[in-house]
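Trainee: Mind looking over this structure? Questions follow.
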Amino acid sequence: MRRNLYFPLFLFFCLCLNGQNNPLVTKDSIAQMNWVENQYGQMSLEERIGQLFMVSIASNQDKASTDKITKLVKEEGIGGVIFLPGSPVKQAMLTNTYQSQSKTPLMIGLDAEWGLAMRLDSTYAFPWNMTLGAIQDNDIVEKVGYQIGKHAKRLGVHINFAPDLDVNNNPQNPIIGNRSFGEDPLNVAQKGMAFAKGMEQAGVLSCGKHFPGHGDTATDSHKSLPIIASDRKQLDSIELYPFSRAIDSGLSSVMIAHLAVPSVEQREGFPSSLSKNIVLDLLQKEMGFKGLVFTDALNMKAVSEFAPDGEVELQAFLAGNDMLLMPVNVMAAKQKIVEAYRAGTITEERLSHSVKKILMAKYKAGLSNYKPVVLENLYEDLNDIENDVLYEEAIEGAITVVKNNFSLMPIKKLENKKIAYVHFGDAEGEPFLDALNQYFKVTAINAKDLAGYRKELADYNLVIIGFHKSNQNPWKGYKFSKNELFWLQEISRLRTSNTILTVFARPYALLDVLNFDAIDGVVMAYQNSKIAQEKAAEVIFGAIGANGKLPVSAHPEFPVNTGQKMESLKRLGYSIPERVGLSSTRLAEVDSLVHSGLDSLMFPGAQVLVARKGKVVYNKSFGKPTYDSTQQVDVNSIYDLASLTKILSTLPLIMKMEEEGKIALNNTFQEMIPEYGDTELKDVTVLKALSHYGRLPAWIAFYLDTLTKDRQPSEEFYRESPAEGFSYQVADHLYLSNAYKDSIYNRIGRQSLKSNRYRYSDVGYYVFKKYIEETYGKSLDELIDEFLFTPMGLQHTAFNPLHKFSKEDIVPSEEDNYFRYQTLQGYVHDMGAAMQGGVGGHAGLFSTASDVAKIMQMYLQGGYYGGVRFLNDRTVKKFNTCYFCNKNVRRGVGFDKPQLEEKGPTCGCVSHKSFGHSGFTGTYTWADPDAELVYVFLSNRTYPSATNTLLIKSGLRTRIQQAIYDSIIN
């Protein structure tokens with residue numbers, strides 16, 4: 001009879017727990033009711049009452065403590081365990097132990113508001129709620145909830161006491177703060193619902209807290225009873241609003257806070273968790289909540305000192321709570337409730353109401369089919385790469401541009417900038433500085449007083465201040481020091497510079513700033529994690545846009561929902577492979593291939609970079625500058641690019657000239673250099689020369705004519721130090737006669753055209769260099785630096801790199817024993833380019849993989865990069881066209897293109913739209929518009945001797961390319 005009496009009520013509770021408003025009865029709901037009835041029917045009174053208790057234990061506690069819980073499980077039949085700090089493996093082991101001793105499966109709970117790391121070491125910390133509150137795309141918040149839920153499920157946790165639905169409208173709140181989604185009730189509701197939805201989809205119960213709202217307090221309820229002074233109208237419109245919305249959307253449970261709420265409970269100093277007016281009348285009757293009701297921890301002083309042991313728990317149950325969290329004394333509390341039951345104070349209907357709701361929640365959490373936590377791979381499963389992918393997405397969505405005078409951000413016109421970085425705060429800022437330096441040279445300024453800052457910053461026109469506070473937990477300090485507040489005002493008033501303040505702390509830090517009149521830009525990054533620092537730098541330089549809005553009022557000038565939308569300038573960003581659809585595991589094959597090349601002595605060292613969808617996801621250095629070096633190659637080591645110079649320097653200038661009408665593809669060599677009018681070269685066109693279809697010789701060994709009979713540099717042509725008429729430096733203590741330039745071009749003019757149409761040739765680029773320089777009246781290196789390198793912020797790219805960089809920064813390319821008779825380090829390897837003072841149209845450029853990738857990305861984006869249109873999209877397409885494919889010539893106009901037959905310059909796995917080039921010194925770069933992919937490989941395979949062709953014969957560069965394409969997911 002009892003089953004029939006309660007079945008409709010149980011079904012209603014069940015459907016509420018499943019988040020359905022008007023559901024149909026299903027087979028699963030009937031199965032749930034049967035399981036609940038069966039479990040309840042087998043319990044004694046003491047066991048039923050035991051289900052009301054969820055006790056706490058920390059997995060890092062001693063055995064005596066953990067054994068006490070085992071005793072409570074076996075002898076008192078408690079309903080659940082909430083875990084406190086510890087480690088995931090120990091918690092899983094304890095969970096398995098406790099579950100094995102429990103007659104009814106235990107509900108395992110955890111506070112994991114921002115992930116398991118809120119309580120457990122070796123687990124992942126997702127952004128805090130305040131950070132999530134800034135995100136405008138609630139789908140991201142839902143994904144965070146899902147990922148946290150997935151982790152909890154894997155660990156054997158059934159209920160996560162989240163989301164926090166408190167509206168934090170009191171900046172002085174000592175316990176909520178960053179745990180809240182913000183001060184806007186609508187935003188808090190939307191974020192809370194999204195978070196709960198994600199978590200529930202992962203199979204973990206949600207719990208909205210701290211009802212009726214803990215945001216507008218200045219007291220920590222762990223220490224005393226806070227007061228919510230709001231009148232009922234304000235309570236309804238602010239504190240209760242997120243709970244009401246979440247309840248309507250199917251929230252599984254609610255946690256009752258320990259608060260004094262005079263507008264609802266008139267008894268002075270009476271805790272809300274013990275108030276029938278709040279728990280039963282307001283929450284369950286008026287607001288219609290039918291899910292599980294938890295007390296907040298009953299050992300908190302706001303309630304624990306209200307009544308003797310056991311009495312608090314009894315009063316909490318009588319008030320309408322279902323599950324009593326962290327009671328001070330389980331046995332005393334249980335005895336009080338048993339006595340109240342036997343005295344008729346608690347009816348069977350009241351007891352079954354709560355116990356069966358608890359059992360239904362256990363069913364929903366999967367405990368009708370309980371399985372122990374699998375310990376194998378637990379750590380790996382809780383720390384997979386998906387966490388970083390999601391964290392990065394969330395931070396990108398949260399970063400908020402609060403102020404942006406003069407459209408200072410994203411930073412443009414790098415050629416006019418001199419940028420300094422000033423570190424404020426007591427936490428690290430190196431990741432921020434390093435990330436800034438990915439885009440432009442940013443100098444860290446360290447001073448001890450204002451006079452020092454004024455002196456050091458005098459030469460800079462932009463100052464970026466990073467305010468870094470601890471990211472350890474949401475309660476850590478967030479305020480500026482008095483000195484920092486003073487320095488901030490004074491630095492921002494420097495007439496010589498603009499100022500950008502970037503805050504890696506909660507928004508309330510800005511409340512202490514006197515005014516922002518002289519501060520031109522303010523960026524709120526919310527947290528000081530490595531990813532937050534990197535993403536803030538990307539926002540400042542325009543690699544990504546900004547969409548976040550302040551979740552709270554951060555200053556009278558910056559009320560809640562302040563946030564300026566900022567578009568990306570399409571500079572390369574930095575991420576992880578999975579973010580752009582690549583597999584880190586498969587991409588690791590690149591490491592193996594490069595190490596194989598090192599072991600086979602194909603080259604002493606190398607750099608490899610992979611970018612996809614505008615993000616660099618792989619940028620590694622391998623080996624050493626030479627086989628005998630003690631230092632390692634790093635990502636800033638500078639390599640001789642050899643023939644990559646053609647497409648990275650000369651070709652963009654030709655493309656620009658074509659747009660300006662200064663050159664046409666059908667122009668002939670005679671039109672560019674009239675002296676060639678009587679030579680066989682006169683009718684060679686720009687198109688044919690760039691497509692290597694002009695029948696030009698492959699190369700000319702100009703240097704041989706400048707050597708003596710015993711193959712030494714002749715005194716007729718060289719001097720050991722610069723002298724009048726000898727200014728072309730080809731190596732250390734070796735200067736070529738200026739007059740030899742004419743000899744080079746005369747020699748070219750005397751060449752006969754070859755019989756075969758297709759022949760890869762450097763010769764045309766000598767002609768282009770001469771024509772470019774004569775057209776503009778400047779040297780090629782000056783022109784390309786002004787046009788491309790400086791505006792793009794290429795910090796490690798130059799001809800004659802020794803003019804800008806120390807020799808130690810540059811990787812040697814050869815031990816020359818046939819021309820210059822010395823180690824070539826910082827001097828171009830190509831002899832012809834060296835004889836032009838290190839600046840050739842075909843060779844001479846030095847760079848890093850990062851800088852090469854930026855130029856290739858510019859091409860991939862149709863000539864646009866960093867807010868600047870360097871070339872028209874139609875121009876890039878025009879030059880990236882194979883005009884002689886019908887002649888079996890694969891080349892584009894300057895660019896190399898994929899093979900037309902089986903063998904060629906690529907892995908054969910790239911699209912026909914792709915393009916790139918390779919270089920004699922062991923360099924290679926390729927871009928694929930279809931795959932949105934850029935690949936760069938730099939090495940010095942010519943060291944110590946250019947006769948080492950193992951790299952070329954092995955096809956290693958294209959095998960790496962194949963591995964990259966194999967790593968594309970789906």
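Going through the structure tokens in order, the chains are called A, B, and so on, while each chain numbers its residues from 1 and the ligands are numbered from 1 in the order shown.
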Restrict the calculation to only C-alpha atoms, then for each residue of segment 348-449 of chain A with any atom at most 8 Å from an atom of segment 150-158 of chain A give the closest atom pair and their distance in Å to one decimal, rows by chain and rising residue number, as a Markdown table.

Mentor:
| residue | atom | partner | partner_atom | distance |
| --- | --- | --- | --- | --- |
| A:Lys362 | CA | A:His158 | CA | 7.8 |
| A:Ala365 | CA | A:His158 | CA | 5.6 |
| A:Pro372 | CA | A:Gly156 | CA | 7.6 |
| A:Val373 | CA | A:Gly156 | CA | 5.7 |
| A:Leu378 | CA | A:Leu155 | CA | 7.7 |
| A:Asp381 | CA | A:His151 | CA | 7.8 |
| A:Leu382 | CA | A:His151 | CA | 5.8 |

Trainee: Segment 622-686 of chain A near segment 764-775 of chain A within 9 Å: what's each residue's closest atom pair and its distance in Å to one decimal, counting only C-alpha atoms, ordered by chain then ascending residue number, as JSON lines?

Mentor:
{"residue": "A:Lys646", "atom": "CA", "partner": "A:Tyr765", "partner_atom": "CA", "distance": 7.6}
{"residue": "A:Thr650", "atom": "CA", "partner": "A:Lys769", "partner_atom": "CA", "distance": 7.2}
{"residue": "A:Leu653", "atom": "CA", "partner": "A:Ile772", "partner_atom": "CA", "distance": 7.7}
{"residue": "A:Ile654", "atom": "CA", "partner": "A:Ile772", "partner_atom": "CA", "distance": 7.6}
{"residue": "A:Met657", "atom": "CA", "partner": "A:Ile772", "partner_atom": "CA", "distance": 8.4}
{"residue": "A:Lys662", "atom": "CA", "partner": "A:Thr775", "partner_atom": "CA", "distance": 8.0}
{"residue": "A:Phe669", "atom": "CA", "partner": "A:Val767", "partner_atom": "CA", "distance": 7.5}
{"residue": "A:Met672", "atom": "CA", "partner": "A:Tyr771", "partner_atom": "CA", "distance": 6.0}
{"residue": "A:Ile673", "atom": "CA", "partner": "A:Tyr771", "partner_atom": "CA", "distance": 7.1}
{"residue": "A:Val686", "atom": "CA", "partner": "A:Gly764", "partner_atom": "CA", "distance": 8.4}

Trainee: Can I get the selection written as an mmCIF file, in the first residue's frame, with N, CA and C atoms?

Mentor:
data_model
loop_
_atom_site.group_PDB
_atom_site.id
_atom_site.type_symbol
_atom_site.label_atom_id
_atom_site.label_comp_id
_atom_site.auth_asym_id
_atom_site.auth_seq_id
_atom_site.Cartn_x
_atom_site.Cartn_y
_atom_site.Cartn_z
ATOM 1 N N LYS A 646 64.212 34.398 -52.126
ATOM 2 C CA LYS A 646 63.468 34.736 -53.350
ATOM 3 C C LYS A 646 62.019 35.084 -53.041
ATOM 4 N N THR A 650 62.603 39.304 -52.409
ATOM 5 C CA THR A 650 62.530 39.860 -53.761
ATOM 6 C C THR A 650 61.125 39.775 -54.340
ATOM 7 N N LEU A 653 58.503 42.371 -53.275
ATOM 8 C CA LEU A 653 58.765 43.682 -53.884
ATOM 9 C C LEU A 653 58.324 43.700 -55.339
ATOM 10 N N ILE A 654 58.553 42.610 -56.067
ATOM 11 C CA ILE A 654 58.087 42.533 -57.457
ATOM 12 C C ILE A 654 56.564 42.583 -57.503
ATOM 13 N N MET A 657 55.532 46.075 -56.984
ATOM 14 C CA MET A 657 55.805 46.861 -58.196
ATOM 15 C C MET A 657 54.766 46.581 -59.276
ATOM 16 N N LYS A 662 54.875 49.390 -61.980
ATOM 17 C CA LYS A 662 56.302 49.593 -62.240
ATOM 18 C C LYS A 662 56.948 48.386 -62.906
ATOM 19 N N PHE A 669 63.745 41.391 -70.147
ATOM 20 C CA PHE A 669 64.998 41.818 -69.520
ATOM 21 C C PHE A 669 65.528 43.073 -70.210
ATOM 22 N N MET A 672 63.923 46.044 -68.714
ATOM 23 C CA MET A 672 64.394 46.342 -67.366
ATOM 24 C C MET A 672 65.840 46.821 -67.366
ATOM 25 N N ILE A 673 66.680 46.177 -68.189
ATOM 26 C CA ILE A 673 68.097 46.550 -68.272
ATOM 27 C C ILE A 673 68.431 46.739 -69.745
ATOM 28 N N VAL A 686 59.614 38.597 -67.458
ATOM 29 C CA VAL A 686 59.516 38.456 -66.000
ATOM 30 C C VAL A 686 58.797 37.160 -65.652
#

Trainee: For a test of reading the model, state the distance in Å between atom CA of Asn329 of chain A and atom CA of Leu205 of chain A, rounded to one decimal.

Mentor: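 If I compute the distance from atom CA of Asn329 of chain A to atom CA of Leu205 of chain A, I get 26.1 Å.
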
Trainee: Using DSSP on the backbone, list every residue of segment 313-509 of chain A that comes out as strand (DSSP E), and give them as a PyMOL selection string.

Mentor: chain A and resi 324-325+400-404+419-425+442-445+462-468+498-504

Trainee: Write the selection just made, keeping N, CA and C atoms, as a tab-separated table (two decimals), in the first residue's frame?

Mentor:
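Heads up, here's the output in out33.tsv:
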chain	number	residue	atom	x	y	z
A	324	LEU	N	21.99	16.56	5.07
A	324	LEU	CA	22.69	17.35	6.08
A	324	LEU	C	24.18	17.21	5.84
A	325	LEU	N	24.78	18.30	5.42
A	325	LEU	CA	26.16	18.27	4.95
A	325	LEU	C	27.14	18.56	6.08
A	400	THR	N	38.78	41.25	-21.59
A	400	THR	CA	37.93	42.42	-21.78
A	400	THR	C	38.77	43.67	-22.00
A	401	VAL	N	38.52	44.35	-23.10
A	401	VAL	CA	39.15	45.66	-23.32
A	401	VAL	C	38.24	46.69	-22.67
A	402	VAL	N	38.69	47.20	-21.55
A	402	VAL	CA	37.86	48.11	-20.74
A	402	VAL	C	37.95	49.54	-21.25
A	403	LYS	N	39.15	49.91	-21.69
A	403	LYS	CA	39.36	51.26	-22.22
A	403	LYS	C	40.33	51.19	-23.38
A	404	ASN	N	40.10	52.02	-24.40
A	404	ASN	CA	40.97	51.95	-25.57
A	404	ASN	C	40.98	53.29	-26.30
A	419	ILE	N	58.58	50.04	-27.38
A	419	ILE	CA	57.67	49.59	-26.32
A	419	ILE	C	58.43	49.08	-25.10
A	420	ALA	N	57.95	49.48	-23.94
A	420	ALA	CA	58.51	49.02	-22.66
A	420	ALA	C	57.44	48.27	-21.88
A	421	TYR	N	57.91	47.37	-21.03
A	421	TYR	CA	57.01	46.62	-20.15
A	421	TYR	C	57.42	46.88	-18.70
A	422	VAL	N	56.43	47.17	-17.86
A	422	VAL	CA	56.66	47.40	-16.43
A	422	VAL	C	55.84	46.37	-15.65
A	423	HIS	N	56.51	45.69	-14.75
A	423	HIS	CA	55.87	44.63	-13.96
A	423	HIS	C	55.41	45.18	-12.62
A	424	PHE	N	54.10	45.07	-12.36
A	424	PHE	CA	53.53	45.37	-11.06
A	424	PHE	C	53.00	44.06	-10.47
A	425	GLY	N	52.81	44.04	-9.16
A	425	GLY	CA	52.26	42.86	-8.51
A	425	GLY	C	53.35	41.95	-7.99
A	442	VAL	N	59.89	44.15	-26.95
A	442	VAL	CA	59.35	44.82	-25.77
A	442	VAL	C	60.37	44.68	-24.66
A	443	THR	N	60.83	45.78	-24.15
A	443	THR	CA	61.92	45.81	-23.17
A	443	THR	C	61.38	45.91	-21.75
A	444	ALA	N	61.81	45.00	-20.90
A	444	ALA	CA	61.39	45.04	-19.49
A	444	ALA	C	62.17	46.14	-18.76
A	445	ILE	N	61.46	46.98	-18.06
A	445	ILE	CA	62.05	48.08	-17.29
A	445	ILE	C	61.88	47.77	-15.81
A	462	LEU	N	55.48	53.80	-25.87
A	462	LEU	CA	54.36	52.98	-25.40
A	462	LEU	C	54.83	52.16	-24.20
A	463	VAL	N	54.08	52.25	-23.12
A	463	VAL	CA	54.41	51.50	-21.90
A	463	VAL	C	53.25	50.55	-21.61
A	464	ILE	N	53.58	49.26	-21.50
A	464	ILE	CA	52.59	48.26	-21.13
A	464	ILE	C	52.87	47.83	-19.70
A	465	ILE	N	51.93	48.09	-18.82
A	465	ILE	CA	52.05	47.71	-17.42
A	465	ILE	C	51.26	46.42	-17.20
A	466	GLY	N	51.92	45.42	-16.68
A	466	GLY	CA	51.24	44.18	-16.33
A	466	GLY	C	51.11	44.07	-14.82
A	467	PHE	N	49.88	43.98	-14.34
A	467	PHE	CA	49.64	43.84	-12.90
A	467	PHE	C	49.32	42.38	-12.62
A	468	HIS	N	50.26	41.70	-11.96
A	468	HIS	CA	50.20	40.24	-11.80
A	468	HIS	C	50.02	39.87	-10.32
A	498	ASN	N	52.26	56.52	-24.50
A	498	ASN	CA	50.93	56.02	-24.15
A	498	ASN	C	51.10	54.89	-23.15
A	499	THR	N	50.02	54.61	-22.42
A	499	THR	CA	50.08	53.57	-21.38
A	499	THR	C	48.92	52.60	-21.53
A	500	ILE	N	49.26	51.31	-21.47
A	500	ILE	CA	48.26	50.25	-21.44
A	500	ILE	C	48.42	49.50	-20.13
A	501	LEU	N	47.37	49.43	-19.33
A	501	LEU	CA	47.38	48.66	-18.08
A	501	LEU	C	46.67	47.33	-18.34
A	502	THR	N	47.36	46.25	-18.06
A	502	THR	CA	46.78	44.91	-18.23
A	502	THR	C	46.70	44.26	-16.85
A	503	VAL	N	45.50	43.88	-16.45
A	503	VAL	CA	45.25	43.41	-15.09
A	503	VAL	C	45.04	41.90	-15.08
A	504	PHE	N	45.91	41.21	-14.37
A	504	PHE	CA	45.81	39.75	-14.20
A	504	PHE	C	45.36	39.46	-12.76

Trainee: Please build the interface table for segment 188-279 of chain A against segment 103-113 of chain A with a cut-off of 12 Å, listing for each qualifying residue the nearest atom pair and the distance in Å to one decimal; count only C-alpha atoms, order rows by chain and increasing number, and write it as JSON lines.

Mentor:
{"residue": "A:Gly192", "atom": "CA", "partner": "A:Glu113", "partner_atom": "CA", "distance": 11.0}
{"residue": "A:Phe195", "atom": "CA", "partner": "A:Glu113", "partner_atom": "CA", "distance": 9.8}
{"residue": "A:Ala196", "atom": "CA", "partner": "A:Glu113", "partner_atom": "CA", "distance": 10.7}
{"residue": "A:Met199", "atom": "CA", "partner": "A:Glu113", "partner_atom": "CA", "distance": 10.8}
{"residue": "A:Val204", "atom": "CA", "partner": "A:Gly109", "partner_atom": "CA", "distance": 9.8}
{"residue": "A:Leu205", "atom": "CA", "partner": "A:Gly109", "partner_atom": "CA", "distance": 9.3}
{"residue": "A:Ser206", "atom": "CA", "partner": "A:Glu113", "partner_atom": "CA", "distance": 10.4}
{"residue": "A:Cys207", "atom": "CA", "partner": "A:Asp111", "partner_atom": "CA", "distance": 10.0}
{"residue": "A:Gly208", "atom": "CA", "partner": "A:Glu113", "partner_atom": "CA", "distance": 10.6}
{"residue": "A:Lys209", "atom": "CA", "partner": "A:Glu113", "partner_atom": "CA", "distance": 10.5}
{"residue": "A:Met255", "atom": "CA", "partner": "A:Asp111", "partner_atom": "CA", "distance": 11.7}

Trainee: What lies within 7 Å of Leu687 of chain A using only C-alpha atoms, ignoring chain neighbours under 2 positions off, as a list in words?

Mentor: Leu665, Asn666, Thr685, Ala689, Leu690, Ser691 and Val893 of chain A

Trainee: Please produce an output containing N, CA and C atoms for each residue in the selection, written as an mmCIF file, in the first residue's frame.

Mentor:
data_model
loop_
_atom_site.group_PDB
_atom_site.id
_atom_site.type_symbol
_atom_site.label_atom_id
_atom_site.label_comp_id
_atom_site.auth_asym_id
_atom_site.auth_seq_id
_atom_site.Cartn_x
_atom_site.Cartn_y
_atom_site.Cartn_z
ATOM 1 N N LEU A 665 54.339 41.328 -65.912
ATOM 2 C CA LEU A 665 54.844 39.974 -66.121
ATOM 3 C C LEU A 665 55.361 39.761 -67.533
ATOM 4 N N ASN A 666 54.881 40.588 -68.486
ATOM 5 C CA ASN A 666 55.372 40.439 -69.849
ATOM 6 C C ASN A 666 56.529 41.365 -70.187
ATOM 7 N N THR A 685 61.149 37.091 -70.384
ATOM 8 C CA THR A 685 60.155 37.906 -69.679
ATOM 9 C C THR A 685 60.227 37.667 -68.167
ATOM 10 N N ALA A 689 61.090 34.131 -66.337
ATOM 11 C CA ALA A 689 62.220 34.063 -65.407
ATOM 12 C C ALA A 689 61.766 33.615 -64.022
ATOM 13 N N LEU A 690 60.618 34.176 -63.550
ATOM 14 C CA LEU A 690 60.117 33.798 -62.231
ATOM 15 C C LEU A 690 59.575 32.377 -62.218
ATOM 16 N N SER A 691 59.151 31.903 -63.391
ATOM 17 C CA SER A 691 58.629 30.527 -63.489
ATOM 18 C C SER A 691 59.739 29.538 -63.843
ATOM 19 N N VAL A 893 54.686 31.789 -60.193
ATOM 20 C CA VAL A 893 55.472 32.977 -60.520
ATOM 21 C C VAL A 893 56.302 33.343 -59.287
#

Trainee: Can you pull out every residue from segment 485-705 of chain A that DSSP, working from the backbone, puts in helix (DSSP H, G or I), and format the result as a VMD selection string?

Mentor: chain A and resid 485 to 492 507 to 512 530 to 541 577 to 580 584 to 599 644 to 660 669 to 672 674 to 678 680 to 683 686 to 690 702 to 705

Trainee: Would you output that residue set with C-alpha atoms, as a compact mmCIF listing (two decimals), in the first residue's frame?

Mentor:
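The resulting file, again18.txt, is shown below:
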# COMPACT_ATOMS: atom_id res chain seq x y z
CA LEU A 485 49.01 53.11 -7.37
CA PHE A 486 51.24 56.19 -7.22
CA TRP A 487 53.61 54.94 -9.94
CA LEU A 488 50.68 54.00 -12.18
CA GLN A 489 49.37 57.57 -12.12
CA GLU A 490 52.77 59.11 -12.71
CA ILE A 491 53.90 56.72 -15.46
CA SER A 492 50.65 57.24 -17.31
CA PRO A 507 38.31 43.42 -11.66
CA TYR A 508 37.86 44.95 -8.21
CA ALA A 509 41.59 45.77 -8.27
CA LEU A 510 40.68 48.82 -10.37
CA LEU A 511 38.54 50.29 -7.58
CA ASP A 512 41.63 51.62 -5.85
CA LYS A 530 50.26 31.31 -18.25
CA ILE A 531 47.50 31.02 -20.83
CA ALA A 532 45.79 34.21 -19.62
CA GLN A 533 49.07 36.10 -19.91
CA GLU A 534 49.73 34.78 -23.41
CA LYS A 535 46.20 35.53 -24.60
CA ALA A 536 46.30 39.07 -23.19
CA ALA A 537 49.42 39.72 -25.28
CA GLU A 538 47.65 38.34 -28.33
CA VAL A 539 44.73 40.70 -27.75
CA ILE A 540 47.03 43.70 -27.37
CA PHE A 541 48.78 42.91 -30.66
CA PRO A 577 47.53 21.40 -31.91
CA GLU A 578 44.10 20.21 -30.85
CA ARG A 579 42.78 23.77 -30.93
CA VAL A 580 43.22 23.79 -34.72
CA SER A 584 49.58 16.31 -30.52
CA THR A 585 50.23 12.59 -30.38
CA ARG A 586 50.57 12.23 -34.12
CA LEU A 587 52.50 15.49 -34.41
CA ALA A 588 55.08 14.01 -32.05
CA GLU A 589 56.25 12.00 -35.06
CA VAL A 590 57.89 15.23 -36.22
CA ASP A 591 60.15 15.09 -33.16
CA SER A 592 61.13 11.54 -34.02
CA LEU A 593 61.91 12.43 -37.62
CA VAL A 594 64.05 15.43 -36.69
CA HIS A 595 65.94 13.43 -34.08
CA SER A 596 66.52 10.78 -36.73
CA GLY A 597 68.02 13.47 -38.92
CA LEU A 598 70.27 14.60 -36.09
CA ASP A 599 71.36 11.05 -35.33
CA LEU A 644 63.90 31.28 -49.41
CA THR A 645 65.15 34.85 -49.93
CA LYS A 646 63.47 34.74 -53.35
CA ILE A 647 59.91 34.44 -52.04
CA LEU A 648 60.41 36.27 -48.75
CA SER A 649 62.21 39.33 -50.02
CA THR A 650 62.53 39.86 -53.76
CA LEU A 651 59.18 38.43 -54.79
CA PRO A 652 57.01 40.60 -52.49
CA LEU A 653 58.77 43.68 -53.88
CA ILE A 654 58.09 42.53 -57.46
CA MET A 655 54.45 41.90 -56.53
CA LYS A 656 54.22 45.40 -55.06
CA MET A 657 55.81 46.86 -58.20
CA GLU A 658 53.32 44.99 -60.37
CA GLU A 659 50.47 46.55 -58.40
CA GLU A 660 52.05 49.98 -58.80
CA PHE A 669 65.00 41.82 -69.52
CA GLN A 670 65.78 44.36 -72.22
CA GLU A 671 63.05 46.64 -70.90
CA MET A 672 64.39 46.34 -67.37
CA PRO A 674 68.57 48.23 -71.66
CA GLU A 675 72.18 47.06 -71.81
CA TYR A 676 70.84 43.56 -72.40
CA GLY A 677 69.23 44.68 -75.69
CA ASP A 678 71.99 43.07 -77.77
CA GLU A 680 70.34 36.51 -75.92
CA LEU A 681 68.60 37.46 -72.66
CA LYS A 682 66.74 40.41 -74.15
CA ASP A 683 63.42 38.63 -74.72
CA VAL A 686 59.52 38.46 -66.00
CA LEU A 687 56.94 35.69 -66.09
CA LYS A 688 59.28 33.16 -67.64
CA ALA A 689 62.22 34.06 -65.41
CA LEU A 690 60.12 33.80 -62.23
CA PHE A 702 81.37 34.48 -60.23
CA TYR A 703 83.81 33.97 -57.37
CA LEU A 704 86.12 31.69 -59.39
CA ASP A 705 87.32 34.59 -61.51

Trainee: Smallest atom-to-atom distance to Gly548 of chain A: which of A:Gly133, A:Gly198, A:Gly77, A:Pro163, using only C-alpha atoms?

Mentor: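 With only C-alpha atoms as the atom set, the closest residue is A:Gly133.
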
Trainee: Taking only C-alpha atoms into account, which of A:Gly397, A:Ala853, A:Phe516, A:Lys624 comes nearest Lys565 of chain A?

Mentor: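 With only C-alpha atoms as the atom set, the closest residue is A:Gly397.
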
Trainee: Atom CA of Gly563 of chain A and atom CA of Gly429 of chain A are how many Å apart?

Mentor: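 Those two atoms sit 23.7 Å apart.
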
Trainee: Using only C-alpha atoms, which of A:Glu37, A:Lys807, A:Val730, A:Asn817 sits nearest Ala834 of chain A?

Mentor: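 Nearest candidate to Ala834 of chain A out of A:Glu37, A:Lys807, A:Val730, A:Asn817: A:Val730.
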
Trainee: Compile the contact shell of Gln172 of chain A as a PyMOL selection string: residues with an atom at most 12 Å away, counting only C-alpha atoms, same-chain residues fewer than 4 positions apart removed.

Mentor: chain A and resi 168+176-178+215-220+475+478-479+508-509+511

Trainee: For Phe243 of chain A, please output as a tab-separated table (two decimals) with C-alpha atoms, in the first residue's frame all residues within 8 Å (counting only C-alpha atoms; exclusion window: fewer than 3 positions along the same chain).

Mentor:
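So the final result, stored in result.tsv, reads:
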chain	number	residue	atom	x	y	z
A	165	LEU	CA	24.57	31.32	-8.19
A	189	ALA	CA	21.50	33.09	-14.17
A	208	GLY	CA	23.00	25.80	-7.03
A	211	PHE	CA	20.50	30.02	-1.40
A	212	PRO	CA	18.98	32.57	-0.98
A	239	GLU	CA	19.56	37.38	-5.10
A	240	LEU	CA	16.73	34.99	-5.93
A	246	ALA	CA	18.03	27.70	-12.73
A	247	ILE	CA	15.20	25.90	-10.96

Trainee: Using only C-alpha atoms, which residue out of A:Pro722, A:Pro944, A:Pro929, A:Gly844 lies closest to Tyr639 of chain A?

Mentor: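 So, comparing all the options, the nearest one is A:Gly844.
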
Trainee: Could you pull the residues within 8 Å of Gln39 of chain A, counting only C-alpha atoms, minus those fewer than 3 positions along the same chain, as a short mmCIF file (atom, residue, chain, number, x, y, z; two decimals) with C-alpha atoms, in the first residue's frame?

Mentor:
data_model
loop_
_atom_site.label_atom_id
_atom_site.label_comp_id
_atom_site.auth_asym_id
_atom_site.auth_seq_id
_atom_site.Cartn_x
_atom_site.Cartn_y
_atom_site.Cartn_z
CA TRP A 35 14.78 0.87 -7.51
CA VAL A 36 13.98 3.62 -4.99
CA GLN A 42 14.94 -2.86 2.72
CA MET A 43 16.11 -0.19 5.15
CA THR A 104 23.31 1.37 -0.17
CA LEU A 359 17.72 7.70 -3.51
#
